[in-house]
Each structure stands twice: as C-alpha cells, then as structure tokens.
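Text of my_file18.cif, listed as mmCIF, C-alpha atoms:
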data_structure
loop_
_atom_site.label_atom_id
_atom_site.label_comp_id
_atom_site.auth_asym_id
_atom_site.auth_seq_id
_atom_site.Cartn_x
_atom_site.Cartn_y
_atom_site.Cartn_z
CA MET A 328 9.97 22.27 -6.25
CA LEU A 329 6.18 22.21 -6.64
CA LYS A 330 6.09 18.40 -6.47
CA GLY A 331 7.78 18.52 -3.06
CA HIS A 332 4.88 20.56 -1.73
CA LEU A 333 2.07 18.80 -3.56
CA ASP A 334 0.59 17.17 -0.44
CA MET A 335 0.42 20.51 1.36
CA ILE A 336 -1.16 22.16 -1.70
CA VAL A 337 -3.83 19.46 -1.95
CA LEU A 338 -4.60 19.66 1.78
CA ALA A 339 -4.88 23.45 1.51
CA ALA A 340 -7.24 23.17 -1.47
CA LEU A 341 -9.51 20.93 0.59
CA SER A 342 -9.49 23.24 3.61
CA SER A 343 -12.52 25.10 2.27
CA GLY A 344 -14.61 21.89 2.24
CA PRO A 345 -15.03 18.43 0.68
CA ALA A 346 -14.45 18.24 -3.07
CA HIS A 347 -13.82 15.76 -5.89
CA GLY A 348 -10.54 15.64 -7.79
CA TYR A 349 -11.54 17.97 -10.61
CA ALA A 350 -12.80 20.58 -8.11
CA VAL A 351 -9.53 20.29 -6.14
CA ILE A 352 -7.57 21.06 -9.32
CA GLN A 353 -9.84 24.02 -10.07
CA GLU A 354 -9.40 25.30 -6.52
CA ILE A 355 -5.59 25.06 -6.77
CA HIS A 356 -5.74 26.89 -10.08
CA ARG A 357 -8.01 29.60 -8.66
CA ARG A 358 -6.14 30.18 -5.41
CA SER A 359 -2.70 30.17 -7.04
CA GLY A 360 -3.83 32.54 -9.80
CA GLY A 361 -2.99 29.84 -12.36
CA ALA A 362 0.69 29.88 -11.32
CA PHE A 363 1.07 26.08 -11.00
CA GLU A 364 1.24 24.12 -14.25
CA LEU A 365 1.11 20.53 -13.04
CA PRO A 366 -0.26 17.57 -15.02
CA GLU A 367 -3.80 17.28 -13.66
CA GLY A 368 -3.46 13.52 -13.23
CA THR A 369 -0.75 14.00 -10.58
CA ILE A 370 -3.39 15.17 -8.11
CA TYR A 371 -5.18 11.80 -8.00
CA PRO A 372 -2.29 9.64 -6.73
CA ALA A 373 -1.63 12.39 -4.19
CA LEU A 374 -5.26 12.18 -3.03
CA HIS A 375 -4.94 8.39 -2.68
CA ARG A 376 -1.64 8.76 -0.80
CA LEU A 377 -3.10 11.30 1.63
CA GLU A 378 -6.16 9.13 2.16
CA GLN A 379 -3.97 6.14 2.95
CA ALA A 380 -1.99 8.26 5.41
CA GLY A 381 -5.26 9.06 7.18
CA LEU A 382 -5.17 12.76 6.31
CA LEU A 383 -8.20 12.54 3.99
CA SER A 384 -11.39 10.51 3.92
CA SER A 385 -13.39 9.80 0.78
CA HIS A 386 -16.66 8.36 -0.45
CA TRP A 387 -18.48 7.81 -3.73
CA THR A 388 -21.35 10.06 -4.72
CA THR A 389 -23.38 10.31 -7.91
CA ALA A 390 -22.79 13.46 -9.95
CA GLY A 391 -25.64 15.33 -11.66
CA SER A 392 -24.66 13.63 -14.92
CA GLY A 393 -25.17 10.22 -13.26
CA ARG A 394 -21.44 9.40 -13.18
CA GLN A 395 -19.82 8.02 -10.04
CA ARG A 396 -17.67 10.63 -8.33
CA ARG A 397 -15.17 10.27 -5.46
CA VAL A 398 -15.37 13.12 -2.95
CA TYR A 399 -12.51 13.83 -0.54
CA ALA A 400 -12.53 15.65 2.81
CA LEU A 401 -9.91 16.58 5.39
CA THR A 402 -9.85 14.39 8.49
CA LYS A 403 -8.92 15.78 11.91
CA ARG A 404 -5.40 14.49 11.35
CA GLY A 405 -5.35 16.18 7.95
CA THR A 406 -6.45 19.49 9.46
CA ARG A 407 -3.69 19.24 12.07
CA ALA A 408 -1.10 18.30 9.41
CA LEU A 409 -2.12 21.28 7.30
CA ALA A 410 -1.77 23.64 10.30
CA GLU A 411 1.73 22.24 10.95
CA GLU A 412 2.69 22.59 7.26
CA ARG A 413 1.41 26.19 7.28
CA ALA A 414 3.50 27.05 10.35
CA ILE A 415 6.64 25.46 8.83
CA TRP A 416 6.05 27.26 5.52
CA GLN A 417 5.50 30.59 7.33
CA ARG A 418 8.79 30.25 9.19
CA PHE A 419 10.58 29.31 5.96
CA ALA A 420 8.98 32.22 4.04
CA ASP A 421 9.89 34.67 6.83
CA ALA A 422 13.49 33.46 6.84
CA ILE A 423 13.86 33.67 3.06
CA GLY A 424 12.07 37.04 3.07
CA GLY A 425 14.55 38.28 5.66
CA LEU A 426 17.48 37.11 3.54
CA LEU A 427 16.29 38.37 0.20
CA GLY A 428 14.66 41.54 1.50
CA HIS A 429 17.85 43.07 3.00
CA PRO A 430 20.81 42.58 0.62
CA GLY A 431 22.73 45.39 2.36
CA HIS A 432 22.67 43.52 5.64
CA ALA A 433 24.42 40.49 4.12
CA ALA A 434 26.99 42.72 2.33
CA THR A 435 27.84 44.52 5.59
CA ARG A 436 28.50 41.23 7.33
CA THR A 437 30.80 39.88 4.60
CA SER A 438 32.84 43.10 4.43
CA ARG A 439 33.86 42.92 8.12
CA MET B 173 -13.55 2.54 -39.54
CA PRO B 174 -14.94 4.77 -36.74
CA GLN B 175 -12.42 6.92 -34.86
CA ARG B 176 -11.74 5.86 -31.25
CA ALA B 177 -12.50 8.40 -28.52
CA PRO B 178 -9.33 9.70 -26.81
CA VAL B 179 -10.90 9.51 -23.34
CA ALA B 180 -11.87 5.85 -23.77
CA ASP B 181 -8.43 5.03 -25.19
CA TYR B 182 -6.74 6.79 -22.28
CA LEU B 183 -8.85 4.98 -19.70
CA ASP B 184 -8.13 1.63 -21.36
CA ALA B 185 -4.40 2.33 -21.36
CA LEU B 186 -4.41 3.46 -17.73
CA THR B 187 -6.40 0.36 -16.67
CA ARG B 188 -3.88 -1.82 -18.52
CA GLU B 189 -0.91 -0.19 -16.79
CA LEU B 190 -2.62 -0.63 -13.42
CA SER B 191 -3.37 -4.32 -14.01
CA PHE B 192 -1.05 -5.21 -11.08
CA ASP B 193 -3.88 -4.10 -8.73
CA ARG B 194 -7.37 -4.79 -10.12
CA SER B 195 -9.41 -3.04 -7.43
CA LEU B 196 -7.20 0.05 -7.74
CA ALA B 197 -7.50 -0.05 -11.53
CA HIS B 198 -11.30 -0.18 -11.25
CA ARG B 199 -11.46 2.74 -8.82
CA VAL B 200 -8.98 4.85 -10.80
CA ARG B 201 -10.82 4.19 -14.07
CA GLN B 202 -14.08 5.50 -12.58
CA GLU B 203 -12.45 8.47 -10.92
CA VAL B 204 -10.30 9.52 -13.87
CA GLY B 205 -13.19 8.88 -16.26
CA ASP B 206 -15.31 11.34 -14.29
CA HIS B 207 -12.48 13.88 -14.35
CA LEU B 208 -11.84 13.59 -18.09
CA TRP B 209 -15.52 13.90 -19.02
CA GLU B 210 -15.92 16.90 -16.74
CA ALA B 211 -12.78 18.50 -18.18
CA THR B 212 -14.03 17.81 -21.71
CA THR B 213 -17.50 19.25 -21.20
CA ALA B 214 -16.10 22.22 -19.26
CA ARG B 215 -14.38 23.25 -22.49
CA GLY B 216 -17.74 23.47 -24.23
CA ASP B 217 -18.03 20.32 -26.36
CA THR B 218 -17.34 16.60 -26.40
CA SER B 219 -15.60 16.49 -29.77
CA ILE B 220 -12.51 14.35 -30.38
CA GLU B 221 -10.37 17.50 -30.18
CA ALA B 222 -11.86 18.56 -26.82
CA GLN B 223 -11.30 15.04 -25.44
CA ALA B 224 -7.72 15.04 -26.72
CA ARG B 225 -7.05 18.36 -24.94
CA ALA B 226 -8.48 16.98 -21.66
CA VAL B 227 -6.31 13.86 -21.97
CA MET B 228 -3.23 15.96 -22.76
CA SER B 229 -3.74 18.10 -19.63
CA PHE B 230 -4.13 15.01 -17.50
CA GLY B 231 -0.61 13.70 -18.09
CA GLU B 232 1.23 10.73 -19.56
CA VAL B 233 -0.37 7.34 -18.73
CA ARG B 234 2.78 5.57 -17.53
CA GLU B 235 3.82 8.47 -15.30
CA ILE B 236 0.41 8.57 -13.61
CA ALA B 237 0.33 4.75 -13.30
CA GLY B 238 3.81 4.85 -11.76
CA GLN B 239 2.63 7.22 -9.05
CA TYR B 240 -0.19 4.84 -8.16
CA ALA B 241 2.15 1.84 -8.29
CA ALA B 242 4.44 3.16 -5.57
CA LEU B 243 1.51 3.46 -3.18
CA SER B 244 -0.25 0.22 -4.09
CA LEU B 245 2.85 -1.98 -3.99
CA LEU B 246 4.03 -0.57 -0.68
CA ARG B 247 0.57 -1.30 0.75
CA GLN B 248 0.74 -4.90 -0.50
CA ALA B 249 4.25 -5.38 0.90
CA ARG B 250 3.16 -3.95 4.28
CA ARG B 251 0.16 -6.28 4.28
CA SER B 252 2.45 -9.28 3.71
CA GLY B 253 4.67 -8.12 6.58
CA ALA B 254 1.68 -7.76 8.90
CA ILE B 255 0.39 -11.23 7.94
CA ILE B 256 3.78 -12.78 8.79
CA VAL B 257 3.68 -11.27 12.28
CA LEU B 258 0.03 -12.33 12.71
CA ALA B 259 0.80 -15.84 11.45
CA ALA B 260 3.75 -16.09 13.85
CA GLY B 261 1.43 -15.14 16.71
CA ALA B 262 -1.22 -17.65 15.60
CA LEU B 263 1.36 -20.43 15.28
CA TYR B 264 2.67 -19.71 18.76
CA ILE B 265 -0.81 -19.82 20.29
CA ALA B 266 -1.67 -23.00 18.36
CA MET B 267 1.54 -24.73 19.46
CA LYS B 268 1.15 -23.71 23.11
CA GLY B 269 -2.53 -24.66 23.06
CA ARG B 270 -1.72 -28.08 21.68
CA VAL B 271 1.02 -28.71 24.26
CA ALA B 272 -1.35 -27.61 27.06
CA TRP B 273 -4.02 -29.97 25.72
CA TYR B 274 -1.58 -32.90 25.62
CA GLY B 275 -0.65 -32.09 29.22
CA LEU B 276 -4.29 -31.97 30.26
CA MET B 277 -4.97 -35.29 28.58
CA GLN B 278 -1.70 -36.73 30.02
CA TRP B 279 -0.86 -37.72 26.52
CA ALA B 280 2.90 -38.13 26.24
CA LEU B 281 4.83 -39.39 23.24
CA SER B 282 5.44 -43.11 23.33
CA ASP B 283 8.96 -44.50 23.67
CA THR B 284 9.09 -45.44 19.99
CA LEU B 285 8.06 -41.94 18.87
CA ARG B 286 10.12 -39.96 21.37
CA PRO B 287 13.46 -39.89 19.42
CA VAL B 288 11.71 -38.86 16.17
CA GLY B 289 9.56 -36.35 18.02
CA LYS B 290 12.63 -34.82 19.68
CA VAL B 291 14.35 -34.21 16.32
CA VAL B 292 11.23 -32.89 14.59
CA LEU B 293 10.38 -30.58 17.48
CA ALA B 294 13.95 -29.22 17.51
CA ILE B 295 13.61 -28.45 13.79
CA ASP B 296 10.18 -26.95 14.47
CA ARG B 297 11.49 -24.65 17.22
CA ALA B 298 14.50 -23.47 15.19
CA ALA B 299 12.36 -22.88 12.08
CA TYR B 300 9.77 -20.96 14.06
CA ILE B 301 12.33 -18.68 15.73
CA LEU B 302 14.00 -18.01 12.35
CA ALA B 303 10.63 -17.27 10.71
CA PHE B 304 9.66 -14.92 13.52
CA LEU B 305 12.96 -13.01 13.44
CA LEU B 306 13.00 -12.65 9.65
CA GLY B 307 9.31 -11.75 9.55
CA ALA B 308 9.68 -9.11 12.26
CA ALA B 309 12.74 -7.68 10.48
CA GLY B 310 10.86 -7.55 7.16
CA TRP B 311 7.83 -5.93 8.73
CA ALA B 312 9.96 -3.34 10.56
CA TYR B 313 11.85 -2.61 7.34
CA ILE B 314 8.81 -2.05 5.10
CA SER B 315 6.86 -0.20 7.79
CA SER B 316 9.67 2.31 8.18
CA ARG B 317 9.78 3.13 4.42
CA ARG B 318 8.13 6.36 3.30
CA VAL B 319 5.64 6.28 0.44
CA SER B 320 7.58 7.32 -2.64
CA PRO B 321 5.68 9.80 -4.85
CA GLN B 322 6.98 7.92 -7.92
CA PHE B 323 7.64 4.26 -8.72
CA ASP B 324 11.37 4.53 -9.38
CA THR B 325 14.35 2.19 -9.08
CA ALA B 326 14.90 3.01 -5.39
CA CYS B 327 11.26 2.29 -4.59
CA CYS B 328 11.38 -0.98 -6.55
CA THR B 329 14.56 -2.05 -4.73
CA GLN B 330 12.91 -1.42 -1.34
CA LEU B 331 9.89 -3.48 -2.31
CA LYS B 332 12.04 -6.34 -3.58
CA TRP B 333 14.05 -6.37 -0.34
CA SER B 334 10.91 -6.50 1.76
CA LEU B 335 9.54 -9.35 -0.36
CA ARG B 336 12.83 -11.25 -0.11
CA LEU B 337 12.63 -10.97 3.68
CA ALA B 338 8.97 -12.06 3.59
CA MET B 339 9.84 -15.11 1.47
CA ALA B 340 12.83 -15.88 3.71
CA ALA B 341 10.44 -15.82 6.70
CA ALA B 342 7.71 -17.83 4.94
CA CYS B 343 10.02 -20.78 4.15
CA PRO B 344 10.95 -21.65 7.77
CA MET B 345 7.35 -20.93 8.78
CA VAL B 346 6.15 -23.59 6.33
CA VAL B 347 8.82 -25.96 7.68
CA SER B 348 7.54 -25.30 11.20
CA VAL B 349 3.94 -26.04 10.18
CA ILE B 350 5.01 -29.25 8.40
CA ALA B 351 6.97 -30.32 11.49
CA ASP B 352 3.95 -29.69 13.73
CA ALA B 353 1.66 -31.57 11.35
CA THR B 354 4.13 -34.48 11.18
CA VAL B 355 4.38 -34.92 14.94
CA THR B 356 0.61 -34.59 15.31
CA ALA B 357 0.00 -37.13 12.54
CA LEU B 358 2.45 -39.58 14.14
CA ARG B 359 0.62 -39.27 17.46
CA LEU B 360 -2.71 -39.86 15.73
CA LEU B 361 -1.52 -42.89 13.78
CA GLU B 362 0.08 -44.53 16.79
CA GLU B 363 -2.50 -43.87 19.48
CA ARG B 364 -5.72 -43.62 17.39
CA PRO B 365 -7.54 -41.70 20.15
CA PRO B 366 -11.26 -40.84 20.05
CA ILE B 367 -12.07 -37.81 17.88
CA ALA B 368 -13.17 -35.75 20.92
CA VAL B 369 -9.64 -36.02 22.31
CA PHE B 370 -8.00 -35.36 18.97
CA LEU B 371 -10.19 -32.44 17.88
CA ILE B 372 -8.14 -29.70 19.58
CA PRO B 373 -4.75 -30.77 18.07
CA LEU B 374 -6.44 -31.18 14.69
CA LEU B 375 -7.98 -27.70 14.86
CA SER B 376 -4.68 -26.16 15.95
CA ILE B 377 -2.94 -27.71 12.92
CA ALA B 378 -5.75 -26.45 10.66
CA VAL B 379 -5.19 -22.92 12.02
CA GLU B 380 -1.45 -23.16 11.34
CA VAL B 381 -2.01 -24.45 7.79
CA ALA B 382 -4.60 -21.72 7.10
CA PHE B 383 -2.27 -18.94 8.25
CA ALA B 384 0.63 -20.37 6.25
CA ALA B 385 -1.60 -20.56 3.15
CA VAL B 386 -2.83 -16.96 3.59
CA LEU B 387 0.77 -15.82 3.99
CA LEU B 388 1.95 -17.61 0.84
CA ILE B 389 -0.97 -16.22 -1.17
CA ALA B 390 -0.30 -12.64 0.06
CA ILE B 391 3.43 -12.88 -0.76
CA GLY B 392 2.68 -14.42 -4.16
CA LYS B 393 0.23 -11.64 -4.98
CA ALA B 394 2.64 -8.90 -3.87
CA LEU B 395 5.46 -10.51 -5.86
CA ARG B 396 3.34 -10.81 -9.04
CA SER B 397 2.19 -7.20 -8.68
CA THR B 398 5.76 -5.94 -8.23
CA LEU B 399 6.99 -7.90 -11.25
CA ARG B 400 4.07 -6.68 -13.38
CA ALA B 401 4.59 -3.08 -12.31
CA SER B 402 8.33 -3.35 -13.03
CA SER B 403 7.52 -2.65 -16.68
CA LEU B 404 6.67 0.91 -15.64
CA LEU B 405 10.35 1.44 -14.80
CA SER B 406 11.45 1.02 -18.39
CA SER B 407 9.52 4.14 -19.54
#

Re-express the file's structure as structure tokens.
Amino acid sequence: MLKGHLDMIVLAALSSGPAHGYAVIQEIHRRSGGAFELPEGTIYPALHRLEQAGLLSSHWTTAGSGRQRRVYALTKRGTRALAEERAIWQRFADAIGGLLGHPGHAATRTSR
Amino acid sequence: MPQRAPVADYLDALTRELSFDRSLAHRVRQEVGDHLWEATTARGDTSIEAQARAVMSFGEVREIAGQYAALSLLRQARRSGAIIVLAAGALYIAMKGRVAWYGLMQWALSDTLRPVGKVVLAIDRAAYILAFLLGAAGWAYISSRRVSPQFDTACCTQLKWSLRLAMAAACPMVVSVIADATVTALRLLEERPPIAVFLIPLLSIAVEVAFAAVLLIAIGKALRSTLRASSLLSS
C-alpha cells in the first residue's frame, strides 16, 4: 500500500524545502513517527521519476565532507500535484473515516 | 588479504547492474555513495559493521537497479520514437525542397531515366508513408505508457513492442533514403551539372542520411539497453 503512495510521500517530504535524498528519508521518518519501513534505496528511483515528470528539479552541490550531493526541490508543477494529492487523500480519508467510525449506521441499513 | 568495504562493494554491484545506461550509472553511484557514507557516519563510526548496516537498510541491489531500469529504458524508447517522427519530418522537408529545386532549375528526368525514376519514386513514396505511419504509431504507443515503478515482465513487454514498432518504421525509412539517394545519384551521373546546381540536392540527401543514421543508432542503443537490463528480470 505504501509503495502506491510513495510519490506523494516524497513530494510531501520536500514541501518544507529543498533536500538531498538522505534528508528526504529522514524527513519521512520524522514526520511519519517512524511508521514507514521502506528500503531507503527505493526513494532514489522515485526522486528520479518525479524529476523526469517535471515535479522536481535537482542540482549538484558539494557537501561539507567534500562529496558531491544531489539536492531536489519541488517545482511549481510538483507543488500543484502535491495539493491535488492532498485533496484526494483528504476525501478518501474522510470517506473511510465515515465508514469505519459509525458501524451502527451500516448495521441499521443492512437490517432494513 | 584485506577485507573489502561493504559500501564500495555495493556501489560496484549497483554500477554493474546499471551498465545499460552509463550516465545514469555514474549519477546513481555518486548519489548513492553520498547516501551510504552519510548513513554510515550518522551511526557513529565507519567500521565494516556500520557500513554493512547502512547497505542493508538501503535495499537489495537488483531491486533498486530494476526501479531505475524502468525509468531509463522508457526514456530511451520515447527518445527513439521522437527521433522517428523528427526524421520523418526532416525527410519530408528534404524531399519537397529537392523537388522544388529541380523545378526551379527546370531540371527534369531524361527520357532514359524516367521509367527507372518512376519505379524508384513509387517505392520511395510507399516506404516513406509506411515509415511515417509505423513511427507515429510507435511514438503514440510509448508516449501513452505510464512509468512503471518496477522493471517487471509487463514493463519489458511494452518496451519490446515499442522497439519492434521503431525498427519496423526504421526499415522503410532506410529504403526511402536509399531510393532518394539512388534517383539523385542517377541524375548526377547522367547530367553531370555544375556543383553549384547540385549542392542543394546533395545537401538534402546528406540530411536524410544523417537522420536515418541517428535513428538507427538510437534504436540500437535502446535495444542493447533493454536486452542488457533483461537480466534484472530473472532475479
């Protein structure tokens, strides 16, 4: 299930500002309370895929250690896509919440 | 014998699996290398054990390479499709430009060449139309495919279909270029006009040959990459 929402998760992690892959993973871990156990390497192909789709931009920088580091940022299209994904997810969560939150309502309907 | 570092081993293995796309392999090696060293040092030390833990958390090499493969190969197939459409456009302009030039120079085929020219030009026209239709179909097909998150059998089948269409379009396109070059060469050999008059037809043929060569190289590269990456399916 998590893999199906990976793009949205990565976009959301970058909504607070540009970051390199490792920082994106840390951000996902922090904001999800460590709930998602995904192989860390899965994030990088997703970053490439989103960049190719025009939702992210990226450039090389030099880290403090002197290593080359790729930093990703949301593009305008990426920001719009994230807003759309958020709205879809909110509607879905509300619908599921309505279903699971009122078991009596469903039972009443089936007993008629 | 000194013990190999897990991070270096992992990067070597990942680069090997991504050998179907060298520029991607280079970029991924740098990016993943940075990640693994940061993950290693974040855990406090750079010992073999710490490196092994960082590598373990990163994921299995072939699975990660497979995720990159789906994206890279689709990009290559789309590029081939776009080149076919571009080449078809260039061929059309070159052919029309040449015909207009012959008209301007009032340079008609001689009676001896006319029957041969008629047959070759008919072949040329049919081959061009076939190449254009197949190329446009291949481009539309591969452009409408979504990027698969994993390089699986379905993804591989889509890529192979798009490459088959690209090859099917490239063959008549090459026939069309050969036909154009043949008619132009026959005109040159028979009339032997001054180079100033013959420069435009010669340049137009050079453009056609260049586009056909670029197309064949792009398809060959995409085909080699797909075949090389196919080994990732057997994991």

Between chain A and chain B, at 7 Å or less, what are the per-residue closest atom pairs and their distances in Å? Count all atoms listed in the file, order by chain and rising residue number, and return it as a Markdown table.
| residue | atom | partner | partner_atom | distance |
| --- | --- | --- | --- | --- |
| A:Tyr349 | CA | B:His207 | CA | 5.6 |
| A:Pro366 | CA | B:Gly231 | CA | 5.0 |
| A:Glu367 | CA | B:Phe230 | CA | 4.5 |
| A:Gly368 | CA | B:Phe230 | CA | 4.6 |
| A:Thr369 | CA | B:Ile236 | CA | 6.3 |
| A:Pro372 | CA | B:Tyr240 | CA | 5.4 |
| A:Arg376 | CA | B:Leu243 | CA | 6.6 |
| A:Arg394 | CA | B:Asp206 | CA | 6.5 |
| A:Gln395 | CA | B:Gln202 | CA | 6.8 |
| A:Arg396 | CA | B:Glu203 | CA | 6.2 |
| A:Arg397 | CA | B:Glu203 | CA | 6.4 |

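Applied to this file, the PyMOL selection byres ((chain A and resi 403) around 12) selects the residues Leu338, Ser342, Gly381, Leu382, Leu383, Ser384, Ala400, Leu401, Thr402, Arg404, Gly405, Thr406, Arg407, Ala408, Leu409 and Ala410 of chain A.
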
Open item on the list: Calculated over only C-alpha atoms, which of the candidates B:Tyr182, B:Thr187, B:Ala299, B:Phe304 has the smallest distance to Ala262 in chain B?
Closed with: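 For Ala262 in chain B, the nearest of the given residues is B:Phe304.
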
Open item on the list: Please expand the PyMOL selection byres ((chain B and resi 348-351) around 10) into the concrete residues it hits in this file, giving the result as a PyMOL selection string.
Closed with: chain B and resi 263+267+289+291-303+342-347+352-357+377-381+383-384

Open item on the list: Using the chain letters and numbers from this file, what does the PyMOL selection byres ((chain B and resi 387) around 10) select? Give the answer as a VMD selection string.
Closed with: chain B and resid 251 to 259 338 to 339 342 345 to 346 381 to 386 388 to 393

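What separates CA of Ala420 in chain A from CA of Leu374 in chain A is a distance of 25.6 Å.
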
- [ ] Point out the residue among A:Ala390, A:Ile352, A:Met335, A:Leu377 with the least atom-to-atom distance to Arg413 in chain A, counting all atoms listed in the file.
- [x] A:Met335

Open item on the list: So the first atom is CA of Arg250 in chain B and the second is CA of Arg336 in chain B; what is the distance between them in Å, to one decimal place?
Closed with: 12.9 Å

TODO: Between CA of Glu362 in chain B and CA of Arg286 in chain B, measure the distance and give it in Å to one decimal.
DONE: 11.9 Å

- [ ] Go through A:Ala346, A:Glu378, A:Leu333, A:His386 and flag the residue nearest Glu364 in chain A, using only C-alpha atoms for the distances.
- [x] A:Leu333

TODO: Within 12 Å of Ala401 in chain B, counting only C-alpha atoms, which residues show up once you throw out same-chain ones fewer than 3 positions away? Write them as number ranges by chain, please.
DONE: B: 188-193, 234-235, 237-246, 323-325, 327-328, 331-332, 394-398, 404-407

Taking the partial coordinates given, rebuild range 396-421 of chain A to contain N, CA and C atoms; return it as a PDB file, keeping the file's coordinate frame.
ATOM      1  N   ARG A 396     -18.671   9.601  -8.624  1.00  0.00           N
ATOM      2  CA  ARG A 396     -17.670  10.630  -8.330  1.00  0.00           C
ATOM      3  C   ARG A 396     -17.117  10.404  -6.922  1.00  0.00           C
ATOM      4  N   ARG A 397     -15.798  10.457  -6.774  1.00  0.00           N
ATOM      5  CA  ARG A 397     -15.170  10.270  -5.460  1.00  0.00           C
ATOM      6  C   ARG A 397     -14.955  11.642  -4.827  1.00  0.00           C
ATOM      7  N   VAL A 398     -15.500  11.824  -3.636  1.00  0.00           N
ATOM      8  CA  VAL A 398     -15.370  13.120  -2.950  1.00  0.00           C
ATOM      9  C   VAL A 398     -14.445  12.951  -1.744  1.00  0.00           C
ATOM     10  N   TYR A 399     -13.508  13.885  -1.604  1.00  0.00           N
ATOM     11  CA  TYR A 399     -12.510  13.830  -0.540  1.00  0.00           C
ATOM     12  C   TYR A 399     -12.749  14.936   0.483  1.00  0.00           C
ATOM     13  N   ALA A 400     -12.406  14.645   1.747  1.00  0.00           N
ATOM     14  CA  ALA A 400     -12.530  15.650   2.810  1.00  0.00           C
ATOM     15  C   ALA A 400     -11.365  15.500   3.772  1.00  0.00           C
ATOM     16  N   LEU A 401     -10.980  16.619   4.387  1.00  0.00           N
ATOM     17  CA  LEU A 401      -9.910  16.580   5.390  1.00  0.00           C
ATOM     18  C   LEU A 401     -10.396  15.839   6.628  1.00  0.00           C
ATOM     19  N   THR A 402      -9.544  15.002   7.191  1.00  0.00           N
ATOM     20  CA  THR A 402      -9.850  14.390   8.490  1.00  0.00           C
ATOM     21  C   THR A 402      -9.277  15.309   9.566  1.00  0.00           C
ATOM     22  N   LYS A 403      -9.499  14.958  10.826  1.00  0.00           N
ATOM     23  CA  LYS A 403      -8.920  15.780  11.910  1.00  0.00           C
ATOM     24  C   LYS A 403      -7.398  15.782  11.821  1.00  0.00           C
ATOM     25  N   ARG A 404      -6.870  14.590  11.503  1.00  0.00           N
ATOM     26  CA  ARG A 404      -5.400  14.490  11.350  1.00  0.00           C
ATOM     27  C   ARG A 404      -4.909  15.363  10.207  1.00  0.00           C
ATOM     28  N   GLY A 405      -5.701  15.368   9.120  1.00  0.00           N
ATOM     29  CA  GLY A 405      -5.350  16.180   7.950  1.00  0.00           C
ATOM     30  C   GLY A 405      -5.366  17.654   8.281  1.00  0.00           C
ATOM     31  N   THR A 406      -6.353  18.082   9.070  1.00  0.00           N
ATOM     32  CA  THR A 406      -6.450  19.490   9.460  1.00  0.00           C
ATOM     33  C   THR A 406      -5.229  19.875  10.307  1.00  0.00           C
ATOM     34  N   ARG A 407      -4.870  18.969  11.221  1.00  0.00           N
ATOM     35  CA  ARG A 407      -3.690  19.240  12.070  1.00  0.00           C
ATOM     36  C   ARG A 407      -2.422  19.287  11.233  1.00  0.00           C
ATOM     37  N   ALA A 408      -2.300  18.339  10.279  1.00  0.00           N
ATOM     38  CA  ALA A 408      -1.100  18.300   9.410  1.00  0.00           C
ATOM     39  C   ALA A 408      -1.002  19.565   8.584  1.00  0.00           C
ATOM     40  N   LEU A 409      -2.132  20.056   8.099  1.00  0.00           N
ATOM     41  CA  LEU A 409      -2.120  21.280   7.300  1.00  0.00           C
ATOM     42  C   LEU A 409      -1.672  22.474   8.154  1.00  0.00           C
ATOM     43  N   ALA A 410      -2.160  22.532   9.401  1.00  0.00           N
ATOM     44  CA  ALA A 410      -1.770  23.640  10.300  1.00  0.00           C
ATOM     45  C   ALA A 410      -0.259  23.597  10.542  1.00  0.00           C
ATOM     46  N   GLU A 411       0.278  22.373  10.725  1.00  0.00           N
ATOM     47  CA  GLU A 411       1.730  22.240  10.950  1.00  0.00           C
ATOM     48  C   GLU A 411       2.500  22.681   9.713  1.00  0.00           C
ATOM     49  N   GLU A 412       2.028  22.226   8.528  1.00  0.00           N
ATOM     50  CA  GLU A 412       2.690  22.590   7.260  1.00  0.00           C
ATOM     51  C   GLU A 412       2.656  24.110   7.066  1.00  0.00           C
ATOM     52  N   ARG A 413       1.542  24.721   7.407  1.00  0.00           N
ATOM     53  CA  ARG A 413       1.410  26.190   7.280  1.00  0.00           C
ATOM     54  C   ARG A 413       2.439  26.894   8.164  1.00  0.00           C
ATOM     55  N   ALA A 414       2.568  26.415   9.408  1.00  0.00           N
ATOM     56  CA  ALA A 414       3.500  27.050  10.350  1.00  0.00           C
ATOM     57  C   ALA A 414       4.939  26.907   9.848  1.00  0.00           C
ATOM     58  N   ILE A 415       5.275  25.691   9.349  1.00  0.00           N
ATOM     59  CA  ILE A 415       6.640  25.460   8.830  1.00  0.00           C
ATOM     60  C   ILE A 415       6.892  26.377   7.641  1.00  0.00           C
ATOM     61  N   TRP A 416       5.894  26.439   6.735  1.00  0.00           N
ATOM     62  CA  TRP A 416       6.050  27.260   5.520  1.00  0.00           C
ATOM     63  C   TRP A 416       6.181  28.735   5.904  1.00  0.00           C
ATOM     64  N   GLN A 417       5.442  29.182   6.906  1.00  0.00           N
ATOM     65  CA  GLN A 417       5.500  30.590   7.330  1.00  0.00           C
ATOM     66  C   GLN A 417       6.895  30.930   7.850  1.00  0.00           C
ATOM     67  N   ARG A 418       7.449  30.011   8.657  1.00  0.00           N
ATOM     68  CA  ARG A 418       8.790  30.250   9.190  1.00  0.00           C
ATOM     69  C   ARG A 418       9.811  30.306   8.069  1.00  0.00           C
ATOM     70  N   PHE A 419       9.662  29.377   7.112  1.00  0.00           N
ATOM     71  CA  PHE A 419      10.580  29.310   5.960  1.00  0.00           C
ATOM     72  C   PHE A 419      10.462  30.603   5.132  1.00  0.00           C
ATOM     73  N   ALA A 420       9.199  31.021   4.859  1.00  0.00           N
ATOM     74  CA  ALA A 420       8.980  32.220   4.040  1.00  0.00           C
ATOM     75  C   ALA A 420       9.531  33.453   4.741  1.00  0.00           C
ATOM     76  N   ASP A 421       9.364  33.526   6.069  1.00  0.00           N
ATOM     77  CA  ASP A 421       9.890  34.670   6.830  1.00  0.00           C
ATOM     78  C   ASP A 421      11.414  34.712   6.744  1.00  0.00           C
TER      79      ASP A 421
END
